[in-house]
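Visitor: Structure supplied as structure-v8.cif; contents: mmCIF, N, CA and C atoms.
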data_run
#
loop_
_atom_site.label_atom_id
_atom_site.label_comp_id
_atom_site.auth_asym_id
_atom_site.auth_seq_id
_atom_site.Cartn_x
_atom_site.Cartn_y
_atom_site.Cartn_z
N MET Y 1 2.66 -10.20 8.87
CA MET Y 1 2.03 -10.73 7.67
C MET Y 1 0.53 -10.88 7.85
N GLN Y 2 0.12 -11.12 9.08
CA GLN Y 2 -1.29 -11.37 9.33
C GLN Y 2 -2.17 -10.18 8.92
N TYR Y 3 -1.78 -8.96 9.31
CA TYR Y 3 -2.58 -7.80 8.94
C TYR Y 3 -2.55 -7.58 7.43
N TYR Y 4 -1.38 -7.75 6.82
CA TYR Y 4 -1.25 -7.61 5.38
C TYR Y 4 -2.26 -8.51 4.67
N GLU Y 5 -2.30 -9.78 5.03
CA GLU Y 5 -3.20 -10.74 4.39
C GLU Y 5 -4.67 -10.38 4.66
N MET Y 6 -4.97 -9.92 5.87
CA MET Y 6 -6.34 -9.52 6.20
C MET Y 6 -6.75 -8.30 5.37
N LEU Y 7 -5.84 -7.34 5.22
CA LEU Y 7 -6.16 -6.14 4.46
C LEU Y 7 -6.39 -6.46 2.99
N VAL Y 8 -5.54 -7.28 2.41
CA VAL Y 8 -5.72 -7.67 1.00
C VAL Y 8 -7.07 -8.36 0.82
N ALA Y 9 -7.41 -9.27 1.72
CA ALA Y 9 -8.69 -10.00 1.62
C ALA Y 9 -9.88 -9.04 1.76
N ALA Y 10 -9.79 -8.09 2.70
CA ALA Y 10 -10.88 -7.13 2.89
C ALA Y 10 -11.03 -6.23 1.67
N LEU Y 11 -9.93 -5.80 1.09
CA LEU Y 11 -10.01 -4.96 -0.11
C LEU Y 11 -10.57 -5.74 -1.29
N GLU Y 12 -10.22 -7.00 -1.37
CA GLU Y 12 -10.75 -7.86 -2.44
C GLU Y 12 -12.27 -7.96 -2.32
N GLN Y 13 -12.77 -8.06 -1.12
CA GLN Y 13 -14.22 -8.10 -0.90
C GLN Y 13 -14.85 -6.74 -1.22
N TYR Y 14 -14.22 -5.67 -0.77
CA TYR Y 14 -14.76 -4.33 -0.99
C TYR Y 14 -14.87 -4.02 -2.49
N PHE Y 15 -13.85 -4.38 -3.24
CA PHE Y 15 -13.81 -4.08 -4.67
C PHE Y 15 -14.33 -5.24 -5.52
N ALA Y 16 -15.04 -6.19 -4.92
CA ALA Y 16 -15.56 -7.36 -5.64
C ALA Y 16 -16.33 -6.91 -6.89
N GLY Y 17 -16.05 -7.58 -7.98
CA GLY Y 17 -16.72 -7.27 -9.23
C GLY Y 17 -15.96 -6.27 -10.10
N GLN Y 18 -14.96 -5.62 -9.55
CA GLN Y 18 -14.15 -4.69 -10.32
C GLN Y 18 -12.89 -5.43 -10.78
N LYS Y 19 -12.80 -5.65 -12.05
CA LYS Y 19 -11.75 -6.49 -12.63
C LYS Y 19 -10.33 -6.06 -12.25
N ASP Y 20 -10.01 -4.82 -12.43
CA ASP Y 20 -8.64 -4.34 -12.22
C ASP Y 20 -8.48 -3.54 -10.93
N TRP Y 21 -9.15 -3.93 -9.87
CA TRP Y 21 -9.13 -3.16 -8.64
C TRP Y 21 -7.73 -3.00 -8.05
N LYS Y 22 -6.86 -3.96 -8.26
CA LYS Y 22 -5.51 -3.85 -7.70
C LYS Y 22 -4.72 -2.70 -8.33
N SER Y 23 -5.12 -2.28 -9.51
CA SER Y 23 -4.42 -1.16 -10.15
C SER Y 23 -4.58 0.13 -9.35
N TYR Y 24 -5.64 0.24 -8.52
CA TYR Y 24 -5.79 1.40 -7.64
C TYR Y 24 -4.59 1.52 -6.70
N PHE Y 25 -3.97 0.39 -6.40
CA PHE Y 25 -2.90 0.34 -5.41
C PHE Y 25 -1.51 0.25 -6.04
N THR Y 26 -1.47 0.37 -7.35
CA THR Y 26 -0.18 0.46 -8.05
C THR Y 26 -0.08 1.78 -8.79
N ALA Y 27 -1.15 2.54 -8.79
CA ALA Y 27 -1.16 3.85 -9.45
C ALA Y 27 -1.78 4.88 -8.51
N GLY Y 28 -1.03 5.24 -7.48
CA GLY Y 28 -1.49 6.28 -6.56
C GLY Y 28 -1.86 5.79 -5.18
N GLY Y 29 -2.44 4.62 -5.08
CA GLY Y 29 -2.89 4.13 -3.77
C GLY Y 29 -1.87 3.27 -3.05
N CYS Y 30 -0.68 3.14 -3.61
CA CYS Y 30 0.34 2.28 -2.99
C CYS Y 30 0.76 2.81 -1.63
N TYR Y 31 0.89 4.12 -1.49
CA TYR Y 31 1.27 4.68 -0.18
C TYR Y 31 0.17 4.43 0.85
N TRP Y 32 -1.07 4.64 0.45
CA TRP Y 32 -2.18 4.40 1.36
C TRP Y 32 -2.13 2.97 1.87
N PHE Y 33 -1.98 2.02 0.97
CA PHE Y 33 -1.94 0.61 1.34
C PHE Y 33 -0.75 0.29 2.24
N ALA Y 34 0.45 0.67 1.81
CA ALA Y 34 1.66 0.34 2.56
C ALA Y 34 1.66 1.00 3.93
N SER Y 35 1.18 2.22 4.03
CA SER Y 35 1.17 2.89 5.33
C SER Y 35 0.19 2.22 6.29
N ARG Y 36 -0.95 1.72 5.78
CA ARG Y 36 -1.89 1.00 6.64
C ARG Y 36 -1.26 -0.28 7.18
N VAL Y 37 -0.56 -0.99 6.31
CA VAL Y 37 0.12 -2.21 6.75
C VAL Y 37 1.16 -1.87 7.81
N CYS Y 38 1.95 -0.84 7.57
CA CYS Y 38 2.99 -0.46 8.55
C CYS Y 38 2.40 -0.07 9.90
N GLU Y 39 1.29 0.65 9.88
CA GLU Y 39 0.64 1.08 11.13
C GLU Y 39 0.19 -0.11 11.97
N ASN Y 40 -0.05 -1.24 11.33
CA ASN Y 40 -0.63 -2.39 12.02
C ASN Y 40 0.27 -3.62 12.04
N THR Y 41 1.52 -3.47 11.63
CA THR Y 41 2.45 -4.60 11.59
C THR Y 41 3.76 -4.19 12.26
N PRO Y 42 3.96 -4.60 13.50
CA PRO Y 42 5.19 -4.24 14.21
C PRO Y 42 6.44 -4.69 13.42
N GLY Y 43 7.43 -3.81 13.39
CA GLY Y 43 8.69 -4.13 12.72
C GLY Y 43 8.70 -3.88 11.23
N SER Y 44 7.56 -3.54 10.65
CA SER Y 44 7.52 -3.26 9.22
C SER Y 44 7.89 -1.80 8.96
N TYR Y 45 8.27 -1.50 7.73
CA TYR Y 45 8.59 -0.12 7.38
C TYR Y 45 8.37 0.09 5.89
N LEU Y 46 8.19 1.37 5.53
CA LEU Y 46 7.92 1.74 4.14
C LEU Y 46 9.17 1.62 3.28
N MET Y 47 8.97 1.12 2.08
CA MET Y 47 10.02 1.03 1.06
C MET Y 47 9.55 1.83 -0.15
N VAL Y 48 10.48 2.38 -0.90
CA VAL Y 48 10.10 3.15 -2.07
C VAL Y 48 11.01 2.79 -3.24
N ASP Y 49 10.42 2.79 -4.41
CA ASP Y 49 11.13 2.64 -5.68
C ASP Y 49 10.94 3.98 -6.38
N ARG Y 50 11.92 4.86 -6.25
CA ARG Y 50 11.78 6.21 -6.81
C ARG Y 50 11.64 6.19 -8.31
N GLY Y 51 12.37 5.32 -8.98
CA GLY Y 51 12.31 5.25 -10.44
C GLY Y 51 10.94 4.80 -10.93
N GLY Y 52 10.37 3.84 -10.23
CA GLY Y 52 9.06 3.32 -10.60
C GLY Y 52 7.91 4.03 -9.93
N GLU Y 53 8.25 5.03 -9.10
CA GLU Y 53 7.25 5.77 -8.34
C GLU Y 53 6.25 4.84 -7.68
N HIS Y 54 6.80 3.92 -6.89
CA HIS Y 54 5.97 2.92 -6.23
C HIS Y 54 6.42 2.73 -4.79
N CYS Y 55 5.48 2.49 -3.94
CA CYS Y 55 5.72 2.29 -2.52
C CYS Y 55 5.30 0.87 -2.15
N ALA Y 56 6.03 0.28 -1.23
CA ALA Y 56 5.71 -1.06 -0.73
C ALA Y 56 6.07 -1.09 0.75
N VAL Y 57 5.94 -2.26 1.34
CA VAL Y 57 6.22 -2.38 2.77
C VAL Y 57 7.16 -3.56 3.00
N SER Y 58 8.14 -3.34 3.86
CA SER Y 58 9.05 -4.41 4.23
C SER Y 58 8.48 -5.11 5.46
N ILE Y 59 8.28 -6.42 5.33
CA ILE Y 59 7.79 -7.25 6.43
C ILE Y 59 8.75 -8.43 6.54
N GLY Y 60 9.42 -8.52 7.66
CA GLY Y 60 10.40 -9.59 7.81
C GLY Y 60 11.49 -9.44 6.77
N THR Y 61 11.71 -10.48 5.99
CA THR Y 61 12.76 -10.44 4.97
C THR Y 61 12.22 -10.14 3.58
N GLY Y 62 10.92 -9.87 3.46
CA GLY Y 62 10.32 -9.62 2.15
C GLY Y 62 9.79 -8.21 2.00
N VAL Y 63 9.55 -7.84 0.76
CA VAL Y 63 8.93 -6.56 0.41
C VAL Y 63 7.64 -6.90 -0.32
N TYR Y 64 6.54 -6.25 0.10
CA TYR Y 64 5.21 -6.60 -0.40
C TYR Y 64 4.45 -5.36 -0.83
N ASP Y 65 3.67 -5.52 -1.89
CA ASP Y 65 2.67 -4.53 -2.27
C ASP Y 65 1.35 -5.26 -2.40
N ILE Y 66 0.36 -4.65 -2.98
CA ILE Y 66 -0.97 -5.25 -3.05
C ILE Y 66 -0.97 -6.60 -3.77
N GLY Y 67 -0.03 -6.81 -4.66
CA GLY Y 67 0.01 -8.04 -5.44
C GLY Y 67 0.79 -9.17 -4.80
N GLY Y 68 1.41 -8.91 -3.66
CA GLY Y 68 2.21 -9.94 -2.99
C GLY Y 68 3.66 -9.53 -2.90
N LYS Y 69 4.52 -10.52 -2.78
CA LYS Y 69 5.95 -10.26 -2.63
C LYS Y 69 6.52 -9.71 -3.93
N VAL Y 70 7.34 -8.66 -3.80
CA VAL Y 70 7.98 -8.04 -4.96
C VAL Y 70 9.49 -8.10 -4.79
N CYS Y 71 10.18 -7.95 -5.89
CA CYS Y 71 11.64 -7.94 -5.87
C CYS Y 71 12.11 -6.65 -5.18
N ARG Y 72 12.98 -6.79 -4.22
CA ARG Y 72 13.43 -5.61 -3.47
C ARG Y 72 14.54 -4.85 -4.20
N LYS Y 73 14.95 -5.32 -5.37
CA LYS Y 73 16.09 -4.77 -6.09
C LYS Y 73 16.06 -3.24 -6.23
N HIS Y 74 14.95 -2.67 -6.61
CA HIS Y 74 14.87 -1.23 -6.85
C HIS Y 74 14.31 -0.45 -5.67
N PHE Y 75 13.98 -1.15 -4.59
CA PHE Y 75 13.41 -0.50 -3.42
C PHE Y 75 14.48 -0.19 -2.38
N HIS Y 76 14.24 0.87 -1.63
CA HIS Y 76 15.07 1.19 -0.46
C HIS Y 76 14.16 1.73 0.62
N PRO Y 77 14.60 1.69 1.89
CA PRO Y 77 13.78 2.24 2.97
C PRO Y 77 13.49 3.72 2.69
N ALA Y 78 12.25 4.11 2.86
CA ALA Y 78 11.84 5.48 2.59
C ALA Y 78 12.36 6.43 3.68
N THR Y 79 12.93 7.53 3.25
CA THR Y 79 13.36 8.56 4.18
C THR Y 79 12.14 9.40 4.59
N ASP Y 80 12.29 10.23 5.61
CA ASP Y 80 11.20 11.12 6.01
C ASP Y 80 10.80 12.03 4.86
N HIS Y 81 11.78 12.50 4.10
CA HIS Y 81 11.51 13.36 2.95
C HIS Y 81 10.69 12.62 1.89
N GLU Y 82 11.05 11.37 1.63
CA GLU Y 82 10.31 10.57 0.65
C GLU Y 82 8.90 10.26 1.13
N VAL Y 83 8.74 10.02 2.42
CA VAL Y 83 7.40 9.78 2.97
C VAL Y 83 6.54 11.03 2.78
N ALA Y 84 7.09 12.20 3.07
CA ALA Y 84 6.35 13.45 2.88
C ALA Y 84 5.96 13.63 1.41
N PHE Y 85 6.87 13.28 0.51
CA PHE Y 85 6.59 13.36 -0.93
C PHE Y 85 5.44 12.42 -1.29
N MET Y 86 5.51 11.18 -0.79
CA MET Y 86 4.46 10.20 -1.11
C MET Y 86 3.11 10.64 -0.55
N GLN Y 87 3.10 11.17 0.65
CA GLN Y 87 1.84 11.64 1.25
C GLN Y 87 1.18 12.70 0.37
N LYS Y 88 1.99 13.54 -0.23
CA LYS Y 88 1.47 14.63 -1.05
C LYS Y 88 1.12 14.21 -2.47
N HIS Y 89 1.93 13.32 -3.06
CA HIS Y 89 1.80 13.04 -4.49
C HIS Y 89 1.23 11.68 -4.86
N TYR Y 90 1.27 10.72 -3.98
CA TYR Y 90 0.73 9.39 -4.28
C TYR Y 90 -0.73 9.39 -3.83
N VAL Y 91 -1.59 9.86 -4.70
CA VAL Y 91 -3.00 10.10 -4.38
C VAL Y 91 -3.86 8.93 -4.86
N PRO Y 92 -4.58 8.29 -3.96
CA PRO Y 92 -5.44 7.16 -4.35
C PRO Y 92 -6.55 7.59 -5.31
N GLN Y 93 -6.91 6.70 -6.21
CA GLN Y 93 -7.98 6.94 -7.18
C GLN Y 93 -9.28 6.28 -6.72
N PHE Y 94 -9.48 6.25 -5.40
CA PHE Y 94 -10.69 5.70 -4.81
C PHE Y 94 -11.01 6.52 -3.57
N ASP Y 95 -12.22 6.39 -3.08
CA ASP Y 95 -12.66 7.15 -1.92
C ASP Y 95 -12.10 6.50 -0.65
N THR Y 96 -11.03 7.05 -0.13
CA THR Y 96 -10.37 6.46 1.04
C THR Y 96 -11.27 6.46 2.27
N MET Y 97 -12.13 7.47 2.40
CA MET Y 97 -13.02 7.52 3.56
C MET Y 97 -14.02 6.36 3.54
N GLN Y 98 -14.54 6.03 2.37
CA GLN Y 98 -15.46 4.90 2.25
C GLN Y 98 -14.75 3.59 2.54
N VAL Y 99 -13.53 3.44 2.03
CA VAL Y 99 -12.77 2.21 2.26
C VAL Y 99 -12.45 2.08 3.75
N GLU Y 100 -12.01 3.19 4.37
CA GLU Y 100 -11.71 3.18 5.81
C GLU Y 100 -12.94 2.77 6.61
N ALA Y 101 -14.10 3.33 6.26
CA ALA Y 101 -15.34 3.00 6.96
C ALA Y 101 -15.66 1.51 6.81
N TYR Y 102 -15.47 0.98 5.61
CA TYR Y 102 -15.71 -0.44 5.36
C TYR Y 102 -14.77 -1.29 6.22
N LEU Y 103 -13.52 -0.91 6.28
CA LEU Y 103 -12.54 -1.68 7.05
C LEU Y 103 -12.83 -1.64 8.55
N GLN Y 104 -13.45 -0.56 9.01
CA GLN Y 104 -13.76 -0.42 10.44
C GLN Y 104 -15.01 -1.21 10.82
N SER Y 105 -15.82 -1.58 9.84
CA SER Y 105 -17.09 -2.28 10.15
C SER Y 105 -16.89 -3.75 10.39
#
Let me see the file written as structure tokens.
Guide:
Amino acid sequence: MQYYEMLVAALEQYFAGQKDWKSYFTAGGCYWFASRVCENTPGSYLMVDRGGEHCAVSIGTGVYDIGGKVCRKHFHPATDHEVAFMQKHYVPQFDTMQVEAYLQS
């Protein structure tokens, strides 16, 4: 949970002044966000809601996206095939290289 909270706070600072910045992570950027959390949170894994075309991350007993804890009802653990699909089709609407550089600073 610690990395998740740090990432949300850092993104909030990066996108400061942009009213609907979280929508970047519910319309295309969800895979980018969830995969970063998974890479830095032991025991976490990607979850997908195929019907809603949304990706989240399972941490402990909860499922989280950029907005916080979400209902796990429509989510299931992402298969390798689904991860490949998300990598190709869930395209962020922001400059990921700039965000990555900001997060590294």
Visitor: Could you list, as a ChimeraX atom specification, every residue within 7 Å of segment 74-85 of chain Y, counting only N, CA and C atoms and ignoring same-chain residues fewer than 2 positions away?
Guide: /Y:45-51,71-72,87-90
Visitor: Mind dumping the selected residues with N, CA and C atoms as a PDB file, in the coordinates of the input?
Guide:
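Contents of the output file selection_23.pdb:
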ATOM      1  N   TYR Y  45       8.270  -1.500   7.730  1.00  0.00           N
ATOM      2  CA  TYR Y  45       8.590  -0.120   7.380  1.00  0.00           C
ATOM      3  C   TYR Y  45       8.370   0.090   5.890  1.00  0.00           C
ATOM      4  N   LEU Y  46       8.190   1.370   5.530  1.00  0.00           N
ATOM      5  CA  LEU Y  46       7.920   1.740   4.140  1.00  0.00           C
ATOM      6  C   LEU Y  46       9.170   1.620   3.280  1.00  0.00           C
ATOM      7  N   MET Y  47       8.970   1.120   2.080  1.00  0.00           N
ATOM      8  CA  MET Y  47      10.020   1.030   1.060  1.00  0.00           C
ATOM      9  C   MET Y  47       9.550   1.830  -0.150  1.00  0.00           C
ATOM     10  N   VAL Y  48      10.480   2.380  -0.900  1.00  0.00           N
ATOM     11  CA  VAL Y  48      10.100   3.150  -2.070  1.00  0.00           C
ATOM     12  C   VAL Y  48      11.010   2.790  -3.240  1.00  0.00           C
ATOM     13  N   ASP Y  49      10.420   2.790  -4.410  1.00  0.00           N
ATOM     14  CA  ASP Y  49      11.130   2.640  -5.680  1.00  0.00           C
ATOM     15  C   ASP Y  49      10.940   3.980  -6.380  1.00  0.00           C
ATOM     16  N   ARG Y  50      11.920   4.860  -6.250  1.00  0.00           N
ATOM     17  CA  ARG Y  50      11.780   6.210  -6.810  1.00  0.00           C
ATOM     18  C   ARG Y  50      11.640   6.190  -8.310  1.00  0.00           C
ATOM     19  N   GLY Y  51      12.370   5.320  -8.980  1.00  0.00           N
ATOM     20  CA  GLY Y  51      12.310   5.250 -10.440  1.00  0.00           C
ATOM     21  C   GLY Y  51      10.940   4.800 -10.930  1.00  0.00           C
ATOM     22  N   CYS Y  71      10.180  -7.950  -5.890  1.00  0.00           N
ATOM     23  CA  CYS Y  71      11.640  -7.940  -5.870  1.00  0.00           C
ATOM     24  C   CYS Y  71      12.110  -6.650  -5.180  1.00  0.00           C
ATOM     25  N   ARG Y  72      12.980  -6.790  -4.220  1.00  0.00           N
ATOM     26  CA  ARG Y  72      13.430  -5.610  -3.470  1.00  0.00           C
ATOM     27  C   ARG Y  72      14.540  -4.850  -4.200  1.00  0.00           C
ATOM     28  N   GLN Y  87       3.100  11.170   0.650  1.00  0.00           N
ATOM     29  CA  GLN Y  87       1.840  11.640   1.250  1.00  0.00           C
ATOM     30  C   GLN Y  87       1.180  12.700   0.370  1.00  0.00           C
ATOM     31  N   LYS Y  88       1.990  13.540  -0.230  1.00  0.00           N
ATOM     32  CA  LYS Y  88       1.470  14.630  -1.050  1.00  0.00           C
ATOM     33  C   LYS Y  88       1.120  14.210  -2.470  1.00  0.00           C
ATOM     34  N   HIS Y  89       1.930  13.320  -3.060  1.00  0.00           N
ATOM     35  CA  HIS Y  89       1.800  13.040  -4.490  1.00  0.00           C
ATOM     36  C   HIS Y  89       1.230  11.680  -4.860  1.00  0.00           C
ATOM     37  N   TYR Y  90       1.270  10.720  -3.980  1.00  0.00           N
ATOM     38  CA  TYR Y  90       0.730   9.390  -4.280  1.00  0.00           C
ATOM     39  C   TYR Y  90      -0.730   9.390  -3.830  1.00  0.00           C
TER      40      TYR Y  90
END
Visitor: Hey, what comes out of the PyMOL selection byres (((chain Y and resi 13-22 and name CA) around 10) and name CA) on this file? Could you write it as a list of chain:residue names?
Guide: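 When the PyMOL selection byres (((chain Y and resi 13-22 and name CA) around 10) and name CA) is applied, the selected residues are Y:Leu7, Y:Val8, Y:Ala9, Y:Ala10, Y:Leu11, Y:Glu12, Y:Ser23, Y:Tyr24, Y:Phe25, Y:Thr26, Y:Ala27, Y:Gly29, Y:Cys30, Y:Asp65, Y:Ile66, Y:Gly67, Y:Phe94, Y:Gln98, Y:Val99, Y:Tyr102, Y:Leu103.
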Visitor: For a test of reading the model, state the distance in Å between atom CA of Pro42 of chain Y and atom CA of Ile59 of chain Y, rounded to one decimal.
Guide: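 Separation of atom CA of Pro42 of chain Y and atom CA of Ile59 of chain Y: 8.7 Å.
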Visitor: At what distance in Å, to one decimal, does atom C of Ser105 of chain Y lie from atom C of His54 of chain Y?
Guide: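 It comes out at 28.6 Å.
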Visitor: Could you give me, as a PyMOL selection string, the residues within 7 Å of Gly28 of chain Y, counting only C-alpha atoms and dropping anything in the same chain fewer than 5 positions from it?
Guide: chain Y and resi 90-93
Visitor: Go ahead and compute the interatomic distance for atom N of Tyr31 of chain Y and atom N of Val57 of chain Y, in Å to one decimal.
Guide: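 Going from atom N of Tyr31 of chain Y over to atom N of Val57 of chain Y covers 8.6 Å.
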Visitor: Mind listing the strand (DSSP E or B) residues of segment 12-87 of chain Y, per DSSP on the backbone, as a PyMOL selection string?
Guide: chain Y and resi 45-49+54-59+62-65+68-70+76-77
Visitor: Which residue is closest to Tyr64 of chain Y? Choose from Y:Asp95, Y:Tyr4, Y:Gln104, Y:Arg36 and count only C-alpha atoms.
Guide: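 Nearest candidate to Tyr64 of chain Y out of Y:Asp95, Y:Tyr4, Y:Gln104, Y:Arg36: Y:Tyr4.
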Visitor: Some atoms are absent from segment 8-27 of chain Y, so rebuild N, CA, C and O atoms and return them as a compact mmCIF listing (two decimals), in the coordinates of the input.
Guide:
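Everything below was put into selection.txt:
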# COMPACT_ATOMS: atom_id res chain seq x y z
N VAL Y 8 -5.54 -7.28 2.41
CA VAL Y 8 -5.72 -7.67 1.00
C VAL Y 8 -7.07 -8.36 0.82
O VAL Y 8 -7.82 -8.05 -0.11
N ALA Y 9 -7.41 -9.27 1.72
CA ALA Y 9 -8.69 -10.00 1.62
C ALA Y 9 -9.88 -9.04 1.76
O ALA Y 9 -10.86 -9.14 1.02
N ALA Y 10 -9.79 -8.09 2.70
CA ALA Y 10 -10.88 -7.13 2.89
C ALA Y 10 -11.03 -6.23 1.67
O ALA Y 10 -12.16 -5.95 1.24
N LEU Y 11 -9.93 -5.80 1.09
CA LEU Y 11 -10.01 -4.96 -0.11
C LEU Y 11 -10.57 -5.74 -1.29
O LEU Y 11 -11.31 -5.20 -2.10
N GLU Y 12 -10.22 -7.00 -1.37
CA GLU Y 12 -10.75 -7.86 -2.44
C GLU Y 12 -12.27 -7.96 -2.32
O GLU Y 12 -12.98 -7.91 -3.32
N GLN Y 13 -12.77 -8.06 -1.12
CA GLN Y 13 -14.22 -8.10 -0.90
C GLN Y 13 -14.85 -6.74 -1.22
O GLN Y 13 -15.90 -6.67 -1.85
N TYR Y 14 -14.22 -5.67 -0.77
CA TYR Y 14 -14.76 -4.33 -0.99
C TYR Y 14 -14.87 -4.02 -2.49
O TYR Y 14 -15.86 -3.47 -2.94
N PHE Y 15 -13.85 -4.38 -3.24
CA PHE Y 15 -13.81 -4.08 -4.67
C PHE Y 15 -14.33 -5.24 -5.52
O PHE Y 15 -14.09 -5.27 -6.73
N ALA Y 16 -15.04 -6.19 -4.92
CA ALA Y 16 -15.56 -7.36 -5.64
C ALA Y 16 -16.33 -6.91 -6.89
O ALA Y 16 -17.11 -5.97 -6.86
N GLY Y 17 -16.05 -7.58 -7.98
CA GLY Y 17 -16.72 -7.27 -9.23
C GLY Y 17 -15.96 -6.27 -10.10
O GLY Y 17 -16.29 -6.10 -11.27
N GLN Y 18 -14.96 -5.62 -9.55
CA GLN Y 18 -14.15 -4.69 -10.32
C GLN Y 18 -12.89 -5.43 -10.78
O GLN Y 18 -12.06 -5.79 -9.95
N LYS Y 19 -12.80 -5.65 -12.05
CA LYS Y 19 -11.75 -6.49 -12.63
C LYS Y 19 -10.33 -6.06 -12.25
O LYS Y 19 -9.53 -6.87 -11.80
N ASP Y 20 -10.01 -4.82 -12.43
CA ASP Y 20 -8.64 -4.34 -12.22
C ASP Y 20 -8.48 -3.54 -10.93
O ASP Y 20 -7.73 -2.57 -10.88
N TRP Y 21 -9.15 -3.93 -9.87
CA TRP Y 21 -9.13 -3.16 -8.64
C TRP Y 21 -7.73 -3.00 -8.05
O TRP Y 21 -7.44 -1.99 -7.43
N LYS Y 22 -6.86 -3.96 -8.26
CA LYS Y 22 -5.51 -3.85 -7.70
C LYS Y 22 -4.72 -2.70 -8.33
O LYS Y 22 -3.79 -2.19 -7.72
N SER Y 23 -5.12 -2.28 -9.51
CA SER Y 23 -4.42 -1.16 -10.15
C SER Y 23 -4.58 0.13 -9.35
O SER Y 23 -3.74 1.03 -9.44
N TYR Y 24 -5.64 0.24 -8.52
CA TYR Y 24 -5.79 1.40 -7.64
C TYR Y 24 -4.59 1.52 -6.70
O TYR Y 24 -4.27 2.60 -6.23
N PHE Y 25 -3.97 0.39 -6.40
CA PHE Y 25 -2.90 0.34 -5.41
C PHE Y 25 -1.51 0.25 -6.04
O PHE Y 25 -0.52 0.06 -5.35
N THR Y 26 -1.47 0.37 -7.35
CA THR Y 26 -0.18 0.46 -8.05
C THR Y 26 -0.08 1.78 -8.79
O THR Y 26 0.97 2.09 -9.35
N ALA Y 27 -1.15 2.54 -8.79
CA ALA Y 27 -1.16 3.85 -9.45
C ALA Y 27 -1.78 4.88 -8.51
O ALA Y 27 -2.91 5.29 -8.68
